[in-house]
Amino acid sequence: MTVQWIDSHCHLDAPEFAHDRLEVLKRAQAQGVAACVMPAVQAKDFEPLRQFARSTNQPYALGIHPLYVPQAQVSDLALLEQHLQSALSLNEEGTASDPRLVALGEIGLDFWVPSLCEPAMRDKQEFFYNAQLKLAKNYKLPVILHVRKSADALLKGLRRCQVQGGIAHAFNGSLQQAQVFVELGFALGFGGAMTYERALQLRQLATTLPLDAIVLETDAPDIPPHWLYRTQSQRQSEGLPQGRNEPSQLPQIGAVLAQLRGAPIEHVAKATVQNTLRVLPRLQSISSLSPH
């Protein structure tokens, strides 16, 4: 029996996949990746992403990413709500008109990029983050969070506006912060960064956290695992582009997690799939994977 996986975070709608998007998805499926959760990053992508998800029967999320907040408008929040209403409205059978919408995301805060740390831009980030948390609460959706030097601020918002859990994507915080996210109903996303031997703190977290706190992701086309990474000197001397990450890499990333934990790969695959279905429960209606 083929081991099955869920990529809990990948951007198949990114420009890097414009020329071979369907082939990328087929390669992932051939490796046992049964579903690829695709979060939006900006308002103009909402409808194209929704259409792609519908045509491929893949799950998606809608939200405004903090890196896209500088150009975002307040009207984008109204557009987001319109799309949520449309996707979640009941059809004649009494089910959601678009069950592929599984979360609100990618949203969050980024205090790593210097331009986003200016006071006015921090305020704008906070405004969009809190507004989207309220939408998630109102529409009873989990959230997919961007966490970069911002865990404590994100947790402050989650305490103030309690949503139905979700995923802290590309988690890179402390053990204490990880435990608080888990207490609030979140799983922590681990991906390509975990495959680097120098990522000592991250690998320690991946080893010591309860397995039911972890989901796997690629963040494709970003965060390539170590076997795809090219240094600047390699790119210059060998004329090689930076290795593009793909969801087909997820099983090999999962194998690293299994090795770190000293666990059978089948056990890690099954557990991380169950975890993803638990924190994104709407995924169960479109996935062939059982939560049991």
# chains A, B, ... in the order shown; residues from 1 in each chain; ligands from 1
call {"tool": "select_by_dssp", "arguments": {"residues": "region 37-271 of chain A", "states": "helix (DSSP H, G or I)", "output": "ChimeraX atom specification"}}
result
/A:43-56,66-68,74-88,114-117,119-138,151-160,175-183,192-195,200-208,211-213,232-238,247-261,265-271
call {"tool": "residues_around", "arguments": {"residues": "region 274-289 of chain A", "least_positions_apart": "4", "cutoff": "7 Å", "atoms": "only C-alpha atoms", "output": "MDAnalysis selection string"}}
result
chainID A and resid 8 35 59 99:100 102:103 142 165:166 186:187 212 214:215 270
call {"tool": "residues_around", "arguments": {"residues": "region 37-52 of chain A", "least_positions_apart": "2", "cutoff": "9 Å", "atoms": "only C-alpha atoms", "output": "ChimeraX atom specification"}}
result
/A:6-13,35,54-69,72,76-77,79-80,83,100-107,144,217,283
call {"tool": "closest_residue", "arguments": {"among": "A:Ile253, A:Val163, A:Leu22, A:Leu84", "to": "Asp219 (chain A)", "atoms": "only C-alpha atoms"}}
result
A:Ile253
call {"tool": "closest_residue", "arguments": {"among": "A:Ala213, A:Lys124, A:Asp110, A:Thr207", "to": "Ala263 (chain A)", "atoms": "only C-alpha atoms"}}
result
A:Thr207
call {"tool": "select_by_dssp", "arguments": {"residues": "region 59-150 of chain A", "states": "strand (DSSP E)", "output": "list in words"}}
result
Tyr60, Ala61, Leu62, Leu101, Val102, Ala103, Leu104, Gly105, Glu106, Ile107, Gly108, Leu109, Asp110, Val143, Ile144, Leu145, His146, Val147 and Arg148 of chain A
